[in-house]
Every structure is written in structure tokens, then in C-alpha cells.
>>> print(open('input39.cif').read())   # mmCIF, C-alpha atoms
data_my_file
loop_
_atom_site.label_atom_id
_atom_site.label_comp_id
_atom_site.auth_asym_id
_atom_site.auth_seq_id
_atom_site.Cartn_x
_atom_site.Cartn_y
_atom_site.Cartn_z
CA MET E 1 46.35 -100.89 10.88
CA LYS E 2 47.21 -97.29 10.15
CA LEU E 3 44.49 -97.18 7.47
CA SER E 4 41.78 -98.39 9.86
CA MET E 5 42.87 -95.89 12.51
CA LEU E 6 42.74 -93.11 9.91
CA LEU E 7 39.22 -94.08 8.84
CA SER E 8 38.05 -94.16 12.45
CA ALA E 9 39.48 -90.70 13.09
CA MET E 10 37.74 -89.36 9.97
CA LEU E 11 34.35 -90.82 11.05
CA ILE E 12 34.65 -89.37 14.54
CA ALA E 13 35.62 -85.98 13.16
CA GLY E 14 32.66 -86.07 10.75
CA VAL E 15 30.17 -86.82 13.50
CA PHE E 16 31.30 -83.98 15.71
CA SER E 17 31.54 -81.55 12.82
CA GLN E 18 27.80 -81.91 12.04
CA SER E 19 25.67 -78.98 13.18
CA PRO E 20 23.21 -79.78 15.98
CA LYS E 21 19.59 -80.29 15.00
CA THR E 22 17.37 -77.30 15.55
CA SER E 23 13.80 -77.55 16.86
CA SER E 24 11.00 -76.40 14.56
CA ARG E 25 9.11 -74.98 17.55
CA PRO E 26 9.77 -71.23 18.10
CA SER E 27 11.55 -70.24 21.27
CA LEU E 28 9.89 -68.49 24.17
CA HIS E 29 11.54 -65.22 23.12
CA GLN E 30 10.20 -65.60 19.57
CA ARG E 31 6.66 -66.37 20.80
CA LYS E 32 6.72 -63.38 23.13
CA SER E 33 7.90 -61.07 20.38
CA SER E 34 5.17 -62.36 18.06
CA PHE E 35 2.50 -61.78 20.72
CA LEU E 36 3.69 -58.23 21.38
CA GLN E 37 3.69 -57.54 17.64
CA ARG E 38 0.06 -58.73 17.33
CA SER E 39 -0.97 -56.73 20.39
CA LYS E 40 0.15 -53.41 18.95
CA PRO E 41 -2.67 -50.96 18.05
CA ARG E 42 -3.74 -51.05 14.44
CA GLN E 43 -2.24 -48.35 12.24
CA ASN E 44 -4.39 -46.17 10.03
CA PRO E 45 -2.70 -45.72 6.62
CA ASN E 46 -4.87 -42.65 5.85
CA SER E 47 -3.69 -40.75 8.90
CA PRO E 48 -1.64 -37.57 8.21
CA LEU E 49 0.73 -38.52 11.04
CA PRO E 50 4.02 -40.31 10.34
CA GLN E 51 3.79 -44.08 9.96
CA SER E 52 5.32 -44.62 13.42
CA LYS E 53 2.62 -42.42 15.03
CA ARG E 54 -0.49 -43.61 13.15
CA VAL E 55 -2.73 -45.37 15.65
CA GLU E 56 -6.43 -46.19 15.19
CA TYR E 57 -8.55 -45.85 18.35
CA VAL E 58 -12.03 -47.38 18.45
CA TYR E 59 -14.41 -45.49 20.75
CA CYS E 60 -17.29 -47.35 22.39
CA ASP E 61 -20.19 -45.32 23.76
CA PRO E 62 -22.43 -47.39 26.09
CA ARG E 63 -25.22 -44.82 25.68
CA SER E 64 -25.28 -45.15 21.90
CA PRO E 65 -28.09 -47.46 20.65
CA PRO E 66 -26.82 -50.74 19.14
CA THR E 67 -27.54 -51.76 15.56
CA CYS E 68 -30.48 -53.93 16.64
CA VAL E 69 -32.45 -50.82 17.65
CA LYS E 70 -34.76 -49.67 14.85
CA ASN E 71 -36.66 -47.05 16.85
CA LEU E 72 -35.05 -44.59 19.26
CA ASN E 73 -37.87 -45.25 21.74
CA GLU E 74 -36.95 -48.94 22.01
CA THR E 75 -35.32 -50.01 25.26
CA PHE E 76 -34.56 -53.64 24.42
CA CYS E 77 -33.76 -55.96 21.50
CA LEU E 78 -35.22 -59.42 21.07
CA LYS E 79 -32.98 -60.16 18.06
CA ASP E 80 -29.37 -59.11 17.59
CA VAL E 81 -27.16 -60.10 14.66
CA ASP E 82 -24.15 -58.63 16.49
CA TYR E 83 -24.70 -60.61 19.68
CA PRO E 84 -21.23 -61.45 21.13
CA GLU E 85 -21.90 -65.15 21.57
CA LYS E 86 -18.23 -66.16 21.78
CA ASP E 87 -17.48 -63.57 24.46
CA ILE E 88 -20.46 -64.70 26.54
CA LYS E 89 -19.41 -68.35 26.30
CA TYR E 90 -15.87 -67.44 27.31
CA TYR E 91 -16.91 -65.57 30.46
CA ILE E 92 -19.44 -68.27 31.40
CA GLU E 93 -16.69 -70.89 31.19
CA PHE E 94 -14.16 -68.97 33.27
CA ASP E 95 -16.49 -67.37 35.84
CA PRO E 96 -16.73 -69.70 38.88
CA LEU E 97 -19.67 -67.69 40.31
CA VAL E 98 -21.88 -67.71 37.21
CA VAL E 99 -24.14 -70.42 38.67
CA LYS E 100 -24.77 -68.29 41.76
CA LYS E 101 -25.42 -65.16 39.70
CA HIS E 102 -27.88 -66.79 37.30
CA ALA E 103 -31.55 -67.59 37.91
CA ASP E 104 -34.39 -68.32 35.49
CA VAL E 105 -37.73 -70.09 35.08
CA GLY E 106 -37.45 -71.20 31.48
CA VAL E 107 -41.10 -72.16 30.94
CA GLN E 108 -43.36 -69.16 31.53
CA SER E 109 -46.94 -68.61 30.37
CA ALA E 110 -50.36 -67.54 31.63
CA ASP E 111 -50.67 -71.03 33.11
CA ASN E 112 -48.26 -70.12 35.90
CA LEU E 113 -48.36 -66.31 35.87
CA VAL E 114 -52.04 -65.31 35.43
CA ASP E 115 -54.74 -66.62 37.77
CA GLY E 116 -57.88 -67.87 36.05
CA VAL E 117 -56.52 -67.61 32.50
CA THR E 118 -54.82 -70.37 30.54
CA SER E 119 -52.01 -69.82 28.08
CA LEU E 120 -54.28 -70.96 25.23
CA GLU E 121 -56.94 -68.42 26.18
CA GLU E 122 -54.45 -65.60 26.47
CA LYS E 123 -52.96 -66.49 23.10
CA HIS E 124 -56.34 -66.13 21.37
CA PHE E 125 -57.43 -62.83 22.91
CA ASP E 126 -58.68 -60.69 20.02
CA TYR E 127 -58.83 -56.87 20.09
CA SER E 128 -59.35 -56.30 16.38
CA LEU E 129 -62.69 -54.48 16.93
CA TYR E 130 -61.32 -52.12 19.57
CA ASN E 131 -59.81 -48.78 18.52
CA GLY E 132 -59.45 -46.96 21.83
CA SER E 133 -62.61 -44.85 21.59
CA PRO E 134 -65.22 -45.26 24.38
CA PHE E 135 -68.00 -44.25 21.95
CA SER E 136 -67.22 -46.83 19.27
CA ARG E 137 -69.03 -50.13 18.89
CA GLY E 138 -65.77 -51.99 19.42
CA ASN E 139 -65.66 -50.73 23.01
CA TRP E 140 -68.65 -52.92 23.87
CA VAL E 141 -68.36 -55.97 21.64
CA GLY E 142 -65.57 -58.36 20.93
CA GLY E 143 -64.05 -61.55 22.21
CA ASP E 144 -62.43 -62.39 25.52
CA GLY E 145 -59.56 -60.31 26.73
CA TYR E 146 -58.36 -57.83 29.27
CA VAL E 147 -60.12 -54.55 30.04
CA CYS E 148 -57.05 -52.80 28.70
CA PRO E 149 -55.88 -54.42 25.45
CA SER E 150 -52.25 -55.40 25.63
CA ASP E 151 -49.57 -57.29 23.76
CA VAL E 152 -48.14 -60.10 25.91
CA LEU E 153 -44.78 -61.65 25.06
CA TYR E 154 -42.65 -64.26 26.82
CA VAL E 155 -39.19 -63.42 25.59
CA ARG E 156 -35.45 -63.62 26.19
CA PRO E 157 -34.03 -60.18 25.36
CA LYS E 158 -30.56 -60.01 23.85
CA ARG E 159 -29.77 -56.37 24.72
CA ALA E 160 -31.43 -53.80 26.94
CA LEU E 161 -31.08 -50.27 28.26
CA ASN E 162 -30.31 -50.30 31.98
CA VAL E 163 -31.71 -47.85 34.54
CA GLU E 164 -28.65 -45.62 34.12
CA GLY E 165 -29.25 -45.19 30.38
CA GLU E 166 -26.49 -47.51 29.18
CA TRP E 167 -26.90 -50.45 26.80
CA ARG E 168 -25.89 -53.89 28.02
CA VAL E 169 -25.76 -57.36 26.51
CA ILE E 170 -28.05 -59.82 28.32
CA VAL E 171 -26.65 -63.30 28.92
CA GLN E 172 -28.75 -65.67 26.78
CA ASP E 173 -26.61 -68.72 26.11
CA ASN E 174 -26.80 -72.01 27.96
CA TYR E 175 -28.01 -69.84 30.84
CA THR E 176 -31.27 -68.24 29.64
CA GLN E 177 -33.20 -65.38 31.22
CA THR E 178 -36.92 -65.30 30.38
CA GLN E 179 -39.17 -62.28 30.91
CA ARG E 180 -42.89 -61.56 30.56
CA PHE E 181 -43.52 -58.28 28.71
CA GLU E 182 -47.02 -56.83 28.68
CA THR E 183 -47.36 -53.61 26.68
CA CYS E 184 -50.49 -51.46 26.27
CA LEU E 185 -51.82 -51.50 22.72
CA PHE E 186 -53.59 -48.17 23.33
CA PRO E 187 -51.87 -46.36 26.21
CA GLY E 188 -54.01 -43.52 27.53
CA ALA E 189 -57.16 -44.81 25.78
CA SER E 190 -60.35 -45.66 27.62
CA CYS E 191 -60.81 -49.13 29.09
CA ARG E 192 -63.02 -51.65 27.30
CA THR E 193 -66.65 -52.24 28.37
CA ILE E 194 -66.63 -49.34 30.84
CA ALA E 195 -68.98 -46.37 30.36
CA PRO E 196 -67.35 -43.14 29.12
CA CYS E 197 -68.65 -41.21 32.11
CA TYR E 198 -66.06 -42.90 34.31
CA ARG E 199 -63.24 -41.31 32.26
CA THR E 200 -61.06 -44.39 32.52
CA LYS E 201 -57.74 -44.78 30.81
CA CYS E 202 -55.23 -47.54 30.27
CA VAL E 203 -51.86 -46.96 31.92
CA GLN E 204 -48.59 -48.79 31.39
CA LYS E 205 -46.91 -50.29 34.43
CA TYR E 206 -43.26 -51.30 34.69
CA VAL E 207 -41.09 -53.49 36.87
CA TYR E 208 -37.38 -53.44 37.70
CA GLN E 209 -35.61 -56.68 36.80
CA ARG E 210 -32.13 -57.83 37.81
CA MET E 211 -30.40 -59.73 35.01
CA LEU E 212 -26.98 -61.26 34.38
CA SER E 213 -25.28 -58.89 31.95
CA TYR E 214 -22.16 -58.08 29.95
CA ASP E 215 -20.74 -54.67 29.04
CA PRO E 216 -19.31 -54.74 25.48
CA CYS E 217 -17.62 -51.37 26.14
CA ASP E 218 -15.74 -52.66 29.19
CA VAL E 219 -14.97 -56.37 28.93
CA THR E 220 -12.88 -56.29 32.12
CA LYS E 221 -16.11 -56.33 34.15
CA GLY E 222 -16.88 -59.87 33.05
CA LEU E 223 -20.42 -61.00 33.89
CA PHE E 224 -22.34 -58.97 36.45
CA ILE E 225 -25.87 -58.19 37.64
CA ASP E 226 -27.52 -55.06 36.22
CA ILE E 227 -31.00 -53.54 36.62
CA TYR E 228 -33.52 -52.89 33.82
CA LYS E 229 -36.99 -51.36 33.55
CA PHE E 230 -39.39 -53.57 31.58
CA PRO E 231 -43.14 -53.25 30.77
CA SER E 232 -45.04 -55.56 33.11
CA THR E 233 -48.78 -54.73 33.04
CA CYS E 234 -51.41 -52.63 31.29
CA SER E 235 -53.94 -51.56 33.92
CA CYS E 236 -57.20 -49.64 33.87
CA HIS E 237 -57.12 -46.45 35.93
CA VAL E 238 -60.38 -44.97 37.22
CA PRO E 239 -59.87 -41.36 38.38
CA LYS E 240 -61.83 -39.58 41.08
CA ARG E 241 -65.22 -38.46 39.72
CA PHE E 242 -66.27 -34.84 39.85
CA TYR E 243 -70.01 -33.97 40.07
#
>>> encode(input="input39.cif", output="C-alpha cells")
Amino acid sequence: MKLSMLLSAMLIAGVFSQSPKTSSRPSLHQRKSSFLQRSKPRQNPNSPLPQSKRVEYVYCDPRSPPTCVKNLNETFCLKDVDYPEKDIKYYIEFDPLVVKKHADVGVQSADNLVDGVTSLEEKHFDYSLYNGSPFSRGNWVGGDGYVCPSDVLYVRPKRALNVEGEWRVIVQDNYTQTQRFETCLFPGASCRTIAPCYRTKCVQKYVYQRMLSYDPCDVTKGLFIDIYKFPSTCSCHVPKRFY
């Protein structure tokens, strides 16, 4: 009897002497500390300051051309290897007003934007014989086309320079934004098939477009509407004649 009572007491003592099981999941305090540690500014090991004071600051200039710009005269990019696709998707997902901000006609061509000209005709306009001179043979012969030769593109720009001179990312994800760009091939040159005595010249026209945008230098803005100046038409200008 005494032996059984002794064994029972030893078993009970052994159970209560075991250390409680610990959870493998980190505590809230541990997770918070880890987050704060990751959120600290990156330290620059090459800095002459002490290790505790070495902080690397990354400056973002919205007026500096992005890497997709090859010519300083360019005001938009149709291709962009650095396009922040993940950021755009994030803000689209968490912006409840994105549907109200966005608008687009995805299928655009001469069929619905140019009266009397089909998209197939516009695509095959040939200006290879024209060189901008009113006295050349190419001014009078050639295939169909506009009086002022132009390059017509139906595009979805990835980045663009806004009217204030700052570069923005254009939202082009599940929500596309299509534009018609018409750029003079010979700006300032004489118009085709018109006599030199009229002193005509081709002039570039522009249009202001409102587009859903993203500022990579200030992500706190989210998605917003910005204004851009895009080439819209190449027109023939006939000045007042002097006799």
C-alpha cells in the first residue's frame, strides 16, 4: 500500500515538474521588434560617419528623366523596363475609387476616329517620296495620305511628362489607357500637293489629356488624375498672302 502511494506521488511530482510547452510562433513583442529592425534606414558601410550614424538616403527627383528616355526631347515612354507593376496592382486593389477615376476606349483606330478613312487605308499611307521640299518631285506624286505627312500611333504610354514638368507613371495594368498620337514627320515643311507660292507649312498640334497616374517619388499620393500634353494632329497652315 505504501509502495503504491509512493509511486503515485512520484508520478504526480514528475508531471508538474515538466516545463510548459512553448509555442513556435513568435510573440507580438518579437514580431514588432523584427518589423522595427527591418524598417530602419539602410546603413552605408563606406560612410566616414560612425557606424551608429551611417544612414543611406535615396533622393528621387520627379523632374529627372527616367531610364526609358533615350532622347532629352522625349516627353513619354511607350516601353519601360522599370515599370512598377507590383505597386500599380497594389494601389488598384486597395483604391475603392479606381473604377470612378478610370476611363478608356480600348479599341481605337481610324475607323472610329477619322471620318472617311479606314484603319487599313491609314496604315498603308506612304510618304517615302516626300522630303519636305515644295520644289521636289515627291511633293506632287506619291500614294494616298494626308497633306501633311505624319506618323500615327495608337499606344498606351507607360510614363509621361506632365504639364508641370514632372515625370509620372501612367496606369497601364488591368485598367488600360489608350491614346492616339499623330506626329509631324516634317514639322515646318511645306504641305504636299500645294503650290510653293502659298508658302504653306505643316504645324504640330497638341491636346491636353487627363490620365490616371502614379508618382514614384511620392507613393503616399496613391492613384490620381494628372494632365499631359500629347501630339494630336499635324495640320497644314496657310498664311496670309502678301502681293
>>> closest_residue(input="input39.cif", among="E:Pro239, E:Pro66, E:Pro96, E:Pro231", to="Leu153 (chain E)", atoms="only C-alpha atoms")
E:Pro231
>>> resolve_selection(input="input39.cif", expression="the PyMOL selection byres ((chain E and resi 101) around 12)", output="list in words")
Ile92, Asp95, Pro96, Leu97, Val98, Val99, Lys100, His102, Ala103, Asp104, Val171, Tyr175, Gln177, Arg210, Met211, Leu212, Ser213, Leu223, Phe224, Ile225 and Asp226 of chain E
>>> axis_aligned_box(input="input39.cif", around="region 201-206 of chain E", padding_each_side="6 Å", output="lines of an AutoDock Vina configuration file")
center_x = -50.5
center_y = -48.0
center_z = 32.5
size_x = 26.5
size_y = 18.5
size_z = 16.4
>>> resolve_selection(input="input39.cif", expression="the PyMOL selection byres ((chain E and resi 205) around 7)", output="number ranges by chain")
E: 203-204, 206, 231-234
>>> residues_near_point(input="input39.cif", point="(-61.5, -59.7, 25.6)", cutoff="7 Å", atoms="all atoms listed in the file", output="list in words")
Phe125, Asp126, Tyr127, Gly142, Gly143, Asp144, Gly145, Tyr146 and Val147 of chain E
>>> write_last_selection(input="input39.cif", atoms="C-alpha atoms", output="PDB file, in the frame of the given file")
ATOM      1  CA  PHE E 125     -57.430 -62.830  22.910  1.00  0.00           C
ATOM      2  CA  ASP E 126     -58.680 -60.690  20.020  1.00  0.00           C
ATOM      3  CA  TYR E 127     -58.830 -56.870  20.090  1.00  0.00           C
ATOM      4  CA  GLY E 142     -65.570 -58.360  20.930  1.00  0.00           C
ATOM      5  CA  GLY E 143     -64.050 -61.550  22.210  1.00  0.00           C
ATOM      6  CA  ASP E 144     -62.430 -62.390  25.520  1.00  0.00           C
ATOM      7  CA  GLY E 145     -59.560 -60.310  26.730  1.00  0.00           C
ATOM      8  CA  TYR E 146     -58.360 -57.830  29.270  1.00  0.00           C
ATOM      9  CA  VAL E 147     -60.120 -54.550  30.040  1.00  0.00           C
TER      10      VAL E 147
END
>>> atom_distance(input="input39.cif", atom1="CA of Phe186 (chain E)", atom2="CA of Tyr130 (chain E)")
9.5 Å
>>> resolve_selection(input="input39.cif", expression="the PyMOL selection byres ((chain E and resi 64) around 12)", output="PyMOL selection string")
chain E and resi 59-63+65-69+72+75+160-161+165-168+216-217
>>> closest_residue(input="input39.cif", among="E:Val114, E:Val155, E:Leu78, E:Val238", to="Arg180 (chain E)", atoms="all atoms listed in the file")
E:Val155
>>> atom_distance(input="input39.cif", atom1="CA of Ser128 (chain E)", atom2="CA of Thr200 (chain E)")
20.1 Å
>>> closest_residue(input="input39.cif", among="E:Arg199, E:Arg241, E:Arg192, E:Lys229", to="Gly132 (chain E)", atoms="all atoms listed in the file")
E:Arg192
>>> atom_distance(input="input39.cif", atom1="CA of Ser136 (chain E)", atom2="CA of Ser150 (chain E)")
18.4 Å
>>> closest_residue(input="input39.cif", among="E:Glu121, E:Asp173, E:Glu182, E:Glu93", to="Pro149 (chain E)", atoms="only C-alpha atoms")
E:Glu182
>>> residues_around(input="input39.cif", residues="Val219 (chain E)", least_positions_apart="5", cutoff="10 Å", atoms="all atoms listed in the file", output="list in words")
Asp87, Tyr91 and Tyr214 of chain E
>>> write_last_selection(input="input39.cif", atoms="C-alpha atoms", output="mmCIF file, in the frame of the given file")
data_model
loop_
_atom_site.group_PDB
_atom_site.id
_atom_site.type_symbol
_atom_site.label_atom_id
_atom_site.label_comp_id
_atom_site.auth_asym_id
_atom_site.auth_seq_id
_atom_site.Cartn_x
_atom_site.Cartn_y
_atom_site.Cartn_z
ATOM 1 C CA ASP E 87 -17.480 -63.570 24.460
ATOM 2 C CA TYR E 91 -16.910 -65.570 30.460
ATOM 3 C CA TYR E 214 -22.160 -58.080 29.950
#
>>> residues_near_point(input="input39.cif", point="(-68.4, -51.4, 24.9)", cutoff="6 Å", atoms="only C-alpha atoms", output="PyMOL selection string")
chain E and resi 139-141+192-193
>>> closest_residue(input="input39.cif", among="E:Val169, E:Ala189, E:Cys184, E:Val81", to="Ser133 (chain E)", atoms="only C-alpha atoms")
E:Ala189
>>> closest_residue(input="input39.cif", among="E:Val152, E:Cys236, E:Val105, E:Leu185", to="Lys123 (chain E)", atoms="all atoms listed in the file")
E:Val152
>>> residues_around(input="input39.cif", residues="Pro196 (chain E)", least_positions_apart="4", cutoff="8 Å", atoms="only C-alpha atoms", output="MDAnalysis selection string")
chainID E and resid 134:135 190 200
